[in-house]
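For reference, upload10.txt (compact mmCIF, C-alpha atoms):
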```txt
# COMPACT_ATOMS: atom_id res chain seq x y z
CA MET A 1 0.00 0.00 0.00
CA ASN A 2 1.24 3.44 -0.93
CA ARG A 3 1.32 5.36 2.35
CA ASP A 4 1.45 8.80 0.68
CA ILE A 5 -1.72 8.07 -1.31
CA ASN A 6 -3.42 6.74 1.83
CA LEU A 7 -2.58 9.88 3.79
CA LEU A 8 -3.82 12.08 0.94
CA ALA A 9 -7.19 10.31 1.04
CA GLU A 10 -7.34 10.78 4.81
CA ALA A 11 -6.52 14.49 4.54
CA ARG A 12 -9.09 14.98 1.76
CA LEU A 13 -11.90 13.39 3.76
CA LEU A 14 -11.12 15.49 6.83
CA GLY A 15 -10.77 18.58 4.64
CA ASN A 16 -14.20 17.97 3.09
CA ILE A 17 -15.88 17.61 6.48
CA ILE A 18 -14.20 20.71 7.92
CA LYS A 19 -14.68 22.86 4.81
CA GLN A 20 -18.30 21.80 4.24
CA PRO A 21 -19.68 20.68 7.63
CA GLU A 22 -23.07 19.84 6.12
CA VAL A 23 -21.57 16.71 4.50
CA TRP A 24 -20.94 15.29 7.97
CA PHE A 25 -24.47 13.93 8.15
CA GLU A 26 -23.88 11.91 5.00
CA VAL A 27 -20.90 10.05 6.44
CA ALA A 28 -21.49 10.22 10.21
CA PRO A 29 -22.94 6.69 10.65
CA ASP A 30 -19.82 5.02 9.22
CA PHE A 31 -17.16 7.56 10.23
CA ARG A 32 -14.71 6.13 12.77
CA ALA A 33 -11.36 7.33 14.07
CA GLU A 34 -9.70 3.95 13.44
CA LEU A 35 -10.12 4.45 9.70
CA PHE A 36 -7.21 6.90 9.85
CA SER A 37 -3.69 5.47 9.87
CA ASP A 38 -1.93 8.76 10.68
CA PRO A 39 -2.02 9.48 14.46
CA ALA A 40 -2.58 13.23 13.96
CA TYR A 41 -5.42 12.63 11.49
CA ARG A 42 -6.87 10.04 13.85
CA ALA A 43 -6.81 12.64 16.63
CA ILE A 44 -8.66 15.13 14.40
CA ALA A 45 -11.23 12.44 13.57
CA GLU A 46 -11.75 11.77 17.29
CA ILE A 47 -12.27 15.49 17.89
CA ILE A 48 -14.83 15.65 15.04
CA ILE A 49 -16.74 12.74 16.57
CA ASP A 50 -16.67 14.30 20.05
CA LEU A 51 -17.84 17.69 18.75
CA THR A 52 -20.71 16.29 16.71
CA THR A 53 -21.76 13.96 19.52
CA GLY A 54 -22.08 17.07 21.66
CA GLY A 55 -24.28 18.72 19.04
CA GLN A 56 -21.63 21.04 17.58
CA ARG A 57 -20.53 21.54 13.98
CA PRO A 58 -17.01 20.25 13.20
CA SER A 59 -15.47 23.63 12.35
CA SER A 60 -11.75 24.26 11.87
CA VAL A 61 -11.73 26.70 14.78
CA LYS A 62 -13.33 24.30 17.24
CA ILE A 63 -11.09 21.49 16.03
CA TYR A 64 -7.97 23.62 16.48
CA ASN A 65 -9.02 24.64 19.98
CA GLU A 66 -9.51 20.96 20.90
CA MET A 67 -6.18 20.06 19.27
CA PHE A 68 -4.52 22.63 21.50
CA LYS A 69 -6.26 21.29 24.62
CA ARG A 70 -5.35 17.69 23.77
CA ASN A 71 -1.79 18.60 22.82
CA VAL A 72 -2.10 17.20 19.30
CA GLY A 73 1.16 17.96 17.51
CA LEU A 74 -0.29 20.11 14.73
CA THR A 75 -0.06 23.87 14.14
CA VAL A 76 -2.65 26.19 12.59
CA ASP A 77 -0.79 25.90 9.28
CA ASP A 78 -0.92 22.08 9.50
CA LEU A 79 -4.68 22.21 10.02
CA LEU A 80 -5.09 24.70 7.17
CA GLU A 81 -3.20 22.24 4.92
CA VAL A 82 -5.74 19.57 5.85
CA VAL A 83 -8.59 21.97 5.09
CA SER A 84 -7.02 22.95 1.77
CA ALA A 85 -6.80 19.26 0.81
CA HIS A 86 -10.58 19.13 0.39
CA VAL A 87 -12.04 18.09 -2.95
CA THR A 88 -15.58 18.30 -4.29
CA VAL A 89 -18.36 17.49 -1.84
CA SER A 90 -19.65 14.74 -4.13
CA GLU A 91 -16.48 12.74 -3.47
CA THR A 92 -16.94 12.63 0.31
CA LYS A 93 -18.71 9.27 0.40
CA SER A 94 -16.24 7.70 -2.03
CA LEU A 95 -13.35 8.94 0.13
CA LEU A 96 -14.93 7.33 3.18
CA ALA A 97 -15.41 4.09 1.24
CA GLU A 98 -11.75 4.24 0.16
CA LEU A 99 -10.61 4.67 3.77
CA GLU A 100 -12.83 1.78 4.88
CA ASP A 101 -11.25 -0.43 2.25
CA LEU A 102 -7.76 0.64 3.31
CA TRP A 103 -8.69 0.01 6.94
CA LYS A 104 -9.86 -3.51 6.06
CA ARG A 105 -6.55 -4.15 4.36
CA ARG A 106 -4.63 -2.91 7.38
CA THR A 107 -6.78 -5.01 9.65
CA VAL A 108 -6.17 -8.15 7.59
CA TYR A 109 -2.44 -7.45 7.54
CA GLN A 110 -2.20 -6.71 11.26
CA THR A 111 -4.36 -9.68 12.18
CA LEU A 112 -2.33 -12.09 10.06
CA LEU A 113 0.87 -10.59 11.42
CA ALA A 114 -0.40 -11.14 14.97
CA ALA A 115 -1.31 -14.73 14.08
CA LEU A 116 2.15 -15.30 12.62
CA ASN A 117 3.71 -14.00 15.82
CA GLU A 118 1.47 -16.31 17.83
CA LEU A 119 2.55 -19.24 15.67
CA LYS A 120 6.04 -18.74 17.05
CA ASN A 121 4.63 -19.75 20.42
CA GLU A 122 4.88 -23.52 20.20
CA ASP A 123 3.05 -23.95 23.52
CA LYS A 124 -0.33 -23.05 21.94
CA PRO A 125 -2.28 -25.54 19.82
CA THR A 126 -2.60 -24.72 16.12
CA ASP A 127 -6.41 -24.84 16.26
CA GLU A 128 -6.37 -22.28 19.04
CA LEU A 129 -4.21 -19.99 16.94
CA ILE A 130 -6.56 -20.36 13.96
CA ALA A 131 -9.54 -19.58 16.20
CA PHE A 132 -7.69 -16.55 17.52
CA ALA A 133 -7.08 -15.24 13.99
CA GLN A 134 -10.69 -15.91 12.94
CA GLN A 135 -12.07 -14.15 16.00
CA LYS A 136 -9.91 -11.09 15.40
CA MET A 137 -11.08 -10.91 11.79
CA ILE A 138 -14.74 -11.20 12.82
CA GLU A 139 -14.39 -8.55 15.51
CA ALA A 140 -12.78 -6.16 13.06
CA PHE A 141 -15.24 -6.54 10.21
CA ASN A 142 -18.31 -6.50 12.41
CA GLN A 143 -17.53 -2.82 12.88
CA THR A 144 -17.39 -2.07 9.14
CA GLY A 145 -20.27 -0.13 7.67
CA ARG A 146 -22.23 0.06 10.90
CA SER A 147 -25.09 2.53 10.90
CA GLU A 148 -26.85 3.46 14.10
CA LEU A 149 -29.88 5.51 15.00
CA LYS A 150 -29.70 7.37 18.29
CA SER A 151 -31.81 5.82 21.00
CA MET A 152 -33.74 7.92 23.48
CA GLN A 153 -31.12 6.86 26.01
CA ASP A 154 -28.47 8.53 23.84
CA VAL A 155 -30.60 11.67 23.53
CA CYS A 156 -31.19 11.79 27.29
CA GLU A 157 -27.47 11.42 27.90
CA ALA A 158 -26.79 14.37 25.58
CA LEU A 159 -29.49 16.41 27.35
CA PHE A 160 -27.96 15.55 30.72
CA LEU A 161 -24.49 16.68 29.64
CA ARG A 162 -25.90 19.88 28.13
CA GLN A 163 -27.83 20.77 31.28
CA GLU A 164 -24.84 20.00 33.46
CA ALA A 165 -22.78 22.45 31.37
CA ILE A 166 -25.48 25.10 31.80
CA GLN A 167 -25.51 24.51 35.55
CA ARG A 168 -21.76 25.13 35.59
CA GLY A 169 -22.32 28.52 33.99
CA GLU A 170 -21.38 27.45 30.46
CA LEU A 171 -24.61 28.68 28.90
CA LEU A 172 -24.14 30.37 25.53
CA PRO A 173 -23.67 34.10 26.23
CA VAL A 174 -25.96 36.87 25.01
CA TYR A 175 -24.33 40.16 24.03
CA PRO A 176 -26.20 43.43 24.69
CA LEU A 177 -26.93 46.26 22.28
CA ASN A 178 -26.05 49.90 22.98
CA LEU A 179 -29.55 51.31 22.55
CA THR A 180 -31.48 50.49 25.70
CA GLY A 181 -34.89 50.48 24.00
CA LEU A 182 -33.82 47.93 21.41
CA GLN A 183 -31.98 45.89 24.03
CA SER A 184 -35.17 45.60 26.07
CA LEU A 185 -37.06 44.30 23.02
CA LEU A 186 -34.42 41.93 21.61
CA GLY A 187 -32.59 40.91 24.76
CA GLY A 188 -29.25 41.01 22.92
CA TYR A 189 -27.59 38.89 20.26
CA GLU A 190 -26.86 35.23 20.96
CA THR A 191 -23.75 33.33 19.94
CA GLY A 192 -24.53 31.30 16.83
CA SER A 193 -27.20 33.70 15.58
CA LEU A 194 -27.72 35.59 12.31
CA ASN A 195 -29.14 39.08 12.87
CA ILE A 196 -30.39 41.30 10.05
CA ILE A 197 -30.71 45.09 10.08
CA ALA A 198 -32.76 46.24 7.10
CA ALA A 199 -33.75 49.65 5.77
CA ARG A 200 -33.98 51.79 2.69
CA PRO A 201 -30.91 53.89 1.74
CA SER A 202 -30.11 56.97 3.89
CA MET A 203 -31.79 55.56 7.01
CA GLY A 204 -28.41 55.22 8.72
CA LYS A 205 -28.08 51.44 8.83
CA THR A 206 -24.30 51.44 8.26
CA ALA A 207 -23.87 54.02 11.02
CA PHE A 208 -26.17 51.94 13.22
CA LEU A 209 -24.05 48.86 12.64
CA LEU A 210 -20.76 50.71 13.25
CA SER A 211 -22.14 52.24 16.44
CA GLU A 212 -23.01 48.79 17.79
CA CYS A 213 -19.62 47.41 16.68
CA LEU A 214 -17.89 50.19 18.61
CA GLY A 215 -19.97 49.34 21.66
CA TRP A 216 -19.04 45.66 21.52
CA ALA A 217 -15.37 46.49 20.99
CA GLN A 218 -15.41 48.92 23.91
CA ARG A 219 -16.70 46.05 26.05
CA GLY A 220 -13.62 44.08 24.99
CA LEU A 221 -15.40 41.87 22.44
CA PRO A 222 -13.24 41.35 19.31
CA GLY A 223 -14.89 41.30 15.90
CA ILE A 224 -14.56 41.69 12.13
CA ILE A 225 -16.27 44.24 9.91
CA PHE A 226 -16.65 43.22 6.26
CA SER A 227 -17.24 46.53 4.48
CA LEU A 228 -18.19 45.66 0.93
CA GLU A 229 -19.04 49.22 -0.03
CA GLN A 230 -16.85 51.64 1.96
CA GLU A 231 -13.08 51.76 2.33
CA ASP A 232 -11.32 51.17 5.64
CA VAL A 233 -10.43 54.89 5.98
CA GLN A 234 -14.09 55.86 5.59
CA ILE A 235 -15.03 53.37 8.30
CA GLY A 236 -12.28 54.84 10.49
CA GLN A 237 -13.57 58.39 9.94
CA ARG A 238 -17.07 57.40 10.94
CA ASN A 239 -15.77 55.68 14.05
CA ILE A 240 -13.70 58.71 15.13
CA ALA A 241 -16.68 60.99 14.49
CA ASN A 242 -18.76 58.71 16.69
CA LEU A 243 -16.19 58.47 19.47
CA GLU A 244 -15.34 62.17 19.65
CA GLY A 245 -18.47 63.89 18.36
CA ILE A 246 -16.71 65.41 15.36
CA PRO A 247 -18.94 65.92 12.31
CA VAL A 248 -17.75 63.55 9.58
CA SER A 249 -17.71 66.40 7.09
CA TYR A 250 -14.99 68.10 9.15
CA LEU A 251 -12.69 65.11 8.66
CA ARG A 252 -12.58 65.78 4.92
CA GLY A 253 -10.69 69.03 5.37
CA ARG A 254 -8.28 70.94 7.66
CA LEU A 255 -9.21 70.86 11.34
CA ASP A 256 -8.84 73.72 13.80
CA GLU A 257 -6.74 73.16 16.92
CA LYS A 258 -9.67 72.03 19.06
CA GLN A 259 -10.98 69.59 16.49
CA LEU A 260 -7.46 68.34 15.78
CA ASP A 261 -7.03 67.51 19.49
CA LYS A 262 -10.28 65.54 19.34
CA PHE A 263 -9.08 63.79 16.20
CA TYR A 264 -5.84 62.65 17.86
CA SER A 265 -7.77 61.58 20.94
CA GLY A 266 -10.09 59.55 18.71
CA LEU A 267 -7.12 57.91 17.00
CA SER A 268 -5.70 56.87 20.38
CA ARG A 269 -9.02 55.37 21.47
CA LEU A 270 -9.74 53.72 18.14
CA ARG A 271 -6.38 52.00 17.72
CA GLU A 272 -6.86 50.15 21.01
CA LEU A 273 -10.19 48.59 20.00
CA PRO A 274 -10.23 44.88 18.99
CA ILE A 275 -11.76 45.41 15.55
CA LYS A 276 -10.44 44.15 12.22
CA ILE A 277 -11.73 45.42 8.88
CA SER A 278 -11.91 43.88 5.43
CA ASP A 279 -12.77 46.47 2.78
CA LYS A 280 -12.19 44.26 -0.24
CA ARG A 281 -15.10 44.55 -2.64
CA GLY A 282 -16.53 41.64 -4.57
CA LEU A 283 -16.06 39.01 -1.84
CA THR A 284 -18.21 35.91 -2.11
CA VAL A 285 -19.93 34.54 0.98
CA ASP A 286 -17.51 31.59 0.93
CA GLN A 287 -14.56 34.00 1.02
CA ILE A 288 -16.13 35.90 3.92
CA CYS A 289 -16.63 32.65 5.83
CA SER A 290 -13.08 31.51 5.07
CA ILE A 291 -11.52 34.78 6.31
CA ALA A 292 -13.62 34.62 9.48
CA ARG A 293 -12.64 30.99 10.17
CA VAL A 294 -8.93 31.78 9.87
CA GLU A 295 -9.28 34.83 12.12
CA LYS A 296 -11.14 32.74 14.72
CA MET A 297 -8.25 30.27 14.73
CA ARG A 298 -5.80 33.12 15.24
CA ASN A 299 -8.01 34.80 17.83
CA PRO A 300 -10.23 32.32 19.70
CA ASP A 301 -11.87 35.27 21.54
CA LEU A 302 -13.52 36.54 18.32
CA LYS A 303 -17.16 37.21 19.21
CA TRP A 304 -18.89 38.88 16.24
CA VAL A 305 -18.83 39.32 12.47
CA ALA A 306 -20.54 42.25 10.72
CA VAL A 307 -21.27 42.31 6.97
CA ASP A 308 -22.24 45.51 5.15
CA TYR A 309 -24.28 44.50 3.18
CA ALA A 310 -26.15 41.45 1.79
CA THR A 311 -26.64 42.41 -1.86
CA ALA A 312 -23.06 43.73 -2.13
CA ILE A 313 -21.81 40.16 -1.72
CA ALA A 314 -20.56 38.71 -5.01
CA PHE A 315 -22.86 36.00 -6.36
CA ASP A 316 -22.72 33.49 -9.17
CA PRO A 317 -24.47 35.26 -12.08
CA ARG A 318 -26.00 31.94 -13.13
CA GLN A 319 -27.94 31.77 -9.87
CA SER A 320 -31.07 33.84 -9.25
CA ARG A 321 -30.41 36.80 -6.94
CA TYR A 322 -33.31 35.76 -4.67
CA LEU A 323 -31.86 32.29 -4.06
CA ALA A 324 -28.28 33.55 -3.91
CA VAL A 325 -29.06 36.02 -1.11
CA GLY A 326 -30.84 33.29 0.84
CA ASP A 327 -27.93 30.92 0.31
CA ALA A 328 -25.54 33.59 1.63
CA ALA A 329 -27.72 34.11 4.69
CA LEU A 330 -27.77 30.37 5.40
CA LYS A 331 -23.98 30.12 5.10
CA LEU A 332 -23.50 33.09 7.42
CA ARG A 333 -25.88 31.58 9.97
CA ASN A 334 -24.00 28.28 9.78
CA LEU A 335 -20.74 30.20 10.18
CA ALA A 336 -22.06 31.84 13.34
CA GLU A 337 -22.79 28.48 14.93
CA GLU A 338 -19.66 26.87 13.54
CA ILE A 339 -17.11 29.29 14.98
CA GLY A 340 -19.09 30.52 17.97
CA VAL A 341 -19.84 34.14 17.03
CA PHE A 342 -22.93 36.18 16.22
CA VAL A 343 -23.26 37.61 12.70
CA VAL A 344 -24.92 40.93 11.86
CA LEU A 345 -25.90 41.41 8.23
CA LEU A 346 -27.19 44.64 6.70
CA SER A 347 -29.80 44.48 3.96
CA GLN A 348 -31.34 46.96 1.56
CA LEU A 349 -35.13 46.91 1.34
CA SER A 350 -37.15 46.81 -1.87
CA ARG A 351 -37.92 50.03 -3.75
CA ALA A 352 -41.59 49.14 -3.40
CA VAL A 353 -41.48 51.02 -0.09
CA GLU A 354 -41.26 54.34 -1.96
CA ALA A 355 -44.52 53.75 -3.81
CA ARG A 356 -46.64 53.52 -0.64
CA ASN A 357 -48.17 56.28 1.43
CA ASP A 358 -46.96 54.57 4.62
CA LYS A 359 -43.30 53.93 3.91
CA ARG A 360 -42.61 51.90 7.03
CA PRO A 361 -40.92 48.63 6.03
CA THR A 362 -42.76 45.33 6.06
CA MET A 363 -41.48 41.78 5.80
CA ALA A 364 -42.63 41.69 2.17
CA ASP A 365 -40.10 44.44 1.39
CA LEU A 366 -37.35 42.21 2.75
CA ARG A 367 -38.54 39.13 0.87
CA GLU A 368 -38.11 40.88 -2.47
CA SER A 369 -34.41 41.25 -1.66
CA GLY A 370 -34.02 37.47 -1.13
CA ASN A 371 -35.29 34.80 1.24
CA LEU A 372 -33.45 36.23 4.24
CA GLU A 373 -36.37 35.90 6.61
CA GLU A 374 -36.16 32.11 6.68
CA PHE A 375 -32.63 31.97 8.12
CA ALA A 376 -32.48 35.07 10.33
CA ASP A 377 -32.76 34.78 14.10
CA THR A 378 -33.59 38.46 14.47
CA ILE A 379 -34.69 41.11 11.97
CA VAL A 380 -34.80 44.83 12.73
CA PHE A 381 -36.24 47.56 10.48
CA LEU A 382 -35.14 51.21 10.56
CA TYR A 383 -37.50 54.02 9.52
CA ARG A 384 -37.12 57.84 9.74
CA GLU A 385 -40.21 59.99 9.26
CA GLY A 386 -37.94 63.04 8.95
CA TYR A 387 -36.32 61.61 5.82
CA TYR A 388 -39.66 61.75 4.00
CA ARG A 389 -41.03 64.88 5.78
CA PRO A 390 -38.06 67.09 6.69
CA GLY A 391 -38.77 69.55 9.50
CA PHE A 392 -42.06 67.90 10.47
CA LEU A 393 -41.31 68.42 14.20
CA ASP A 394 -40.01 71.98 13.72
CA CYS A 395 -36.62 71.11 15.21
CA PRO A 396 -33.44 69.59 13.70
CA GLU A 397 -33.48 66.67 16.13
CA GLY A 398 -36.95 65.71 14.88
CA ASP A 399 -35.50 64.56 11.58
CA TRP A 400 -33.05 62.33 13.45
CA ILE A 401 -35.75 60.32 15.28
CA THR A 402 -35.77 56.76 13.98
CA GLU A 403 -38.32 54.05 14.55
CA ILE A 404 -36.65 50.70 15.19
CA GLU A 405 -39.06 47.82 14.71
CA VAL A 406 -38.43 44.24 15.76
CA ALA A 407 -39.78 42.35 12.75
CA LYS A 408 -38.58 38.94 13.97
CA ASN A 409 -37.05 37.60 17.16
CA ARG A 410 -36.82 33.82 17.06
CA GLN A 411 -36.11 33.42 20.78
CA GLY A 412 -37.51 36.47 22.51
CA GLY A 413 -40.73 37.47 20.76
CA ASN A 414 -41.81 41.16 20.63
CA ALA A 415 -42.27 40.99 16.84
CA GLY A 416 -43.99 44.15 15.62
CA LYS A 417 -42.96 46.24 18.62
CA ARG A 418 -41.03 49.49 18.14
CA THR A 419 -38.66 51.72 20.02
CA LEU A 420 -37.29 55.17 19.17
CA ALA A 421 -33.67 56.28 18.82
CA LEU A 422 -31.81 59.34 17.52
CA PHE A 423 -29.56 59.09 14.46
CA GLU A 424 -27.33 62.15 14.93
CA GLN A 425 -26.40 62.48 11.28
CA PRO A 426 -23.44 64.94 11.47
CA THR A 427 -21.47 62.66 13.83
CA MET A 428 -23.03 59.36 12.71
CA ARG A 429 -23.94 58.62 16.34
CA TRP A 430 -26.92 56.57 17.45
CA LEU A 431 -28.36 57.72 20.77
CA ASN A 432 -31.27 56.88 23.02
CA CYS A 433 -34.20 59.18 22.24
CA PRO A 434 -35.01 61.67 25.06
CA SER A 435 -38.46 61.04 26.53
CA ASP A 436 -39.79 64.57 25.82
CA LEU A 437 -38.78 64.34 22.16
CA ALA A 438 -40.23 60.84 21.92
CA GLU A 439 -43.54 62.04 23.33
CA LYS A 440 -43.67 64.95 20.89
CA TYR A 441 -42.91 62.58 18.01
CA MET A 442 -45.58 60.06 18.96
CA LYS A 443 -48.26 62.77 19.19
CA LYS A 444 -47.30 64.20 15.82
CA VAL A 445 -47.04 60.85 14.06
CA LYS A 446 -50.34 59.67 15.57
CA ARG A 447 -52.11 62.86 14.49
CA ASN A 448 -50.80 62.57 10.93
CA GLY A 449 -50.80 58.75 10.71
```
Using structure tokens, write down the structure from this file.
Amino acid sequence: MNRDINLLAEARLLGNIIKQPEVWFEVAPDFRAELFSDPAYRAIAEIIIDLTTGGQRPSSVKIYNEMFKRNVGLTVDDLLEVVSAHVTVSETKSLLAELEDLWKRRTVYQTLLAALNELKNEDKPTDELIAFAQQKMIEAFNQTGRSELKSMQDVCEALFLRQEAIQRGELLPVYPLNLTGLQSLLGGYETGSLNIIAARPSMGKTAFLLSECLGWAQRGLPGIIFSLEQEDVQIGQRNIANLEGIPVSYLRGRLDEKQLDKFYSGLSRLRELPIKISDKRGLTVDQICSIARVEKMRNPDLKWVAVDYATAIAFDPRQSRYLAVGDAALKLRNLAEEIGVFVVLLSQLSRAVEARNDKRPTMADLRESGNLEEFADTIVFLYREGYYRPGFLDCPEGDWITEIEVAKNRQGGNAGKRTLALFEQPTMRWLNCPSDLAEKYMKKVKRNG
């Protein structure tokens, strides 16, 4: 047997499972660690089995973390080589079958070798040695191709272990939002969730996202911003404006001494925040997921991934936009669970909003942009009356008031409920809406609604 070819098959199977975790369910019944001849690969296989038995997806990040805990002699680069060895998903089953065949061959060889060694023991009868060899062969091949359904005993055992972990304080964390009104409605973002913020252009959704990202980073939660529309410097300008209260327009020209001091102060604060930015345009969802997986391996404390925005993701032109957007949402949701982060995805709403008298978004406006609703854990709509009726409250702040509607909250309810916030446009800040201004707004909107 050619050992190099054998190891390549082992690496390819592991690479397929790690790169495309959904194929695990196709091979899980017959997947066994002993199929792998290489000790390091066998250790990875054992980790995959342990993770999936515990209800987790076999992601590269989780596997690497377990490798580190178990002192498996592989580096991040070694694991990335395994991942890069993957081939087409359709070959996964054939790779498993190839490894099973190779395992049978090894078993025959090792069993016969053991029998030959036993034959050297002249004290044992020949018939006993033959029986020994036969029994070993039967024991080995009885394991081949086994396929098991999980009994209720297995399920109860998994439930017991899960609850025990919760009792020890290992419950999946929920991360709060900056705006107190929205936090009270949503309850925060959960690890493993996909969260969509949707609005028409000029509602401030990018500023909303950046404001929340700053809040998470200031709490010490590392994350990645995928900016598919704006450059990194533009993102930096918005963040400094937010942190220091400098109008963004000022940052496009010479600053006076006071504003320059604020600018330098903002730089000092911003450079310390655990945020990484990708401003490469034209990324596919697979590229986004790949970058996030690698970063999670490098920084196990990564907690969130933000993508601005859904329809700016590069899609296969042969696929319908509706299905492509939904496919991207599903992959991002799977990524969230796979690497233990929460994902926030911005989405543009349909132009159909502009043709209605009441321009508040509805779920139908989101559906026309792709089947995002199906895969999202939370969906939030942003709407500003002052965008359509400037000056309607006879004060500049009136145009900043934004209705934030919870359109979907898979775990916490409150669908259809709204809260108010202020989008301070010059500085790109999002603030809690003062109660007196909120009361004035509600009376005016109710009278004209």
List every protein, DNA or RNA residue that has at least one atom no more than 10 Å from (-19.7, 50.6, 16.5) in the file's coordinates, counting only C-alpha atoms, and write the result as a list in words.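 Those residues, ordered by chain and then number, are Asn178, Thr206, Ala207, Phe208, Leu209, Leu210, Ser211, Glu212, Cys213, Leu214, Gly215, Trp216, Ala217, Gln218, Ile225, Ile235, Arg238, Asn239, Asn242, Leu243, Ile275, Arg429 and Trp430 of chain A.
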Which residues are near Ala9 (chain A)? Cut-off 9 Å, only C-alpha atoms, ignore same chain within fewer than 6 positions. Put them as a list in words.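 So, after excluding close chain neighbours, the residues are Ala85, Leu95, Leu96, Glu98 and Leu99 of chain A.
Coordinates place CA of Leu14 (chain A) at a distance of 7.9 Å from CA of Tyr41 (chain A).
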Among listed residues A:Val23, A:Leu179, A:Ile47, A:Leu8, nearest Lys69 (chain A) (using all atoms listed in the file):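 Checking each candidate against Lys69 (chain A), we get A:Ile47 as the closest.
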Among listed residues A:Val82, A:Val155, A:Ala43, A:Ile277, nearest Pro222 (chain A) (using only C-alpha atoms):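 Of the candidates, the smallest distance to Pro222 (chain A) is held by A:Ile277.
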Closest to Pro29 (chain A) among A:Gly236, A:Thr52, A:Pro201, A:Ala324, using all atoms listed in the file? A:Thr52
Out of A:Gly188, A:Pro21, A:Pro173, A:Pro58, which residue has the shortest atom-to-atom distance to Gln411 (chain A) when counting all atoms listed in the file? A:Gly188
Interatomic distance (Å, one decimal) between CA of Phe25 (chain A) and CA of Trp103 (chain A):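 If I compute the distance from CA of Phe25 (chain A) to CA of Trp103 (chain A), I get 21.1 Å.
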Any chance you could tabulate, as a Markdown table, the residues of region 246-314 of chain A at most 12 Å from region 191-198 of chain A with each one's nearest atom pair and distance in Å to one decimal, using only C-alpha atoms, in chain and rising number order?
```
| residue | atom | partner | partner_atom | distance |
| --- | --- | --- | --- | --- |
| A:Leu302 | CA | A:Thr191 | CA | 10.8 |
| A:Lys303 | CA | A:Thr191 | CA | 7.7 |
| A:Trp304 | CA | A:Thr191 | CA | 8.3 |
| A:Val305 | CA | A:Leu194 | CA | 9.6 |
| A:Ala306 | CA | A:Asn195 | CA | 9.4 |
| A:Val307 | CA | A:Ile196 | CA | 9.7 |
| A:Asp308 | CA | A:Ile197 | CA | 9.8 |
| A:Tyr309 | CA | A:Ile197 | CA | 9.5 |
| A:Ala310 | CA | A:Ile196 | CA | 9.3 |
| A:Thr311 | CA | A:Ala198 | CA | 11.5 |
```
Which is closer to Pro247 (chain A) than all the others in A:Ala355, A:Leu422, A:Asp30, A:Gln259, using only C-alpha atoms? A:Gln259
Please identify all polymer residues lying at most 6 Å from the point (-41.4, 40.5, 9.5) (file coordinates), using all atoms listed in the file, and present the result as a PyMOL selection string. chain A and resi 363+407-408
Store the residues of this selection in a file with C-alpha atoms, as an mmCIF file, in the coordinates of the input.
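The result, stored in again.cif:
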```cif
data_model
loop_
_atom_site.group_PDB
_atom_site.id
_atom_site.type_symbol
_atom_site.label_atom_id
_atom_site.label_comp_id
_atom_site.auth_asym_id
_atom_site.auth_seq_id
_atom_site.Cartn_x
_atom_site.Cartn_y
_atom_site.Cartn_z
ATOM 1 C CA MET A 363 -41.480 41.780 5.800
ATOM 2 C CA ALA A 407 -39.780 42.350 12.750
ATOM 3 C CA LYS A 408 -38.580 38.940 13.970
#
```
Considering all atoms listed in the file, return as a PyMOL selection string whatever protein or nucleic-acid residues lie within 12 Å of region 59-67 of chain A, sequence-local ones (same chain, fewer than 6 positions apart) excluded. chain A and resi 14-22+24+40-52+73-84+289-302+334-341
Gap from CA of Gln287 (chain A) to CA of Ile379 (chain A) - Å, one decimal: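 CA of Ile379 (chain A) lies at a distance of 24.0 Å from CA of Gln287 (chain A).
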Proximity to Glu374 (chain A) - best of A:Gly220, A:Arg333, A:Val72, A:Lys258, only C-alpha atoms: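 The answer is A:Arg333, which sits nearest to Glu374 (chain A).
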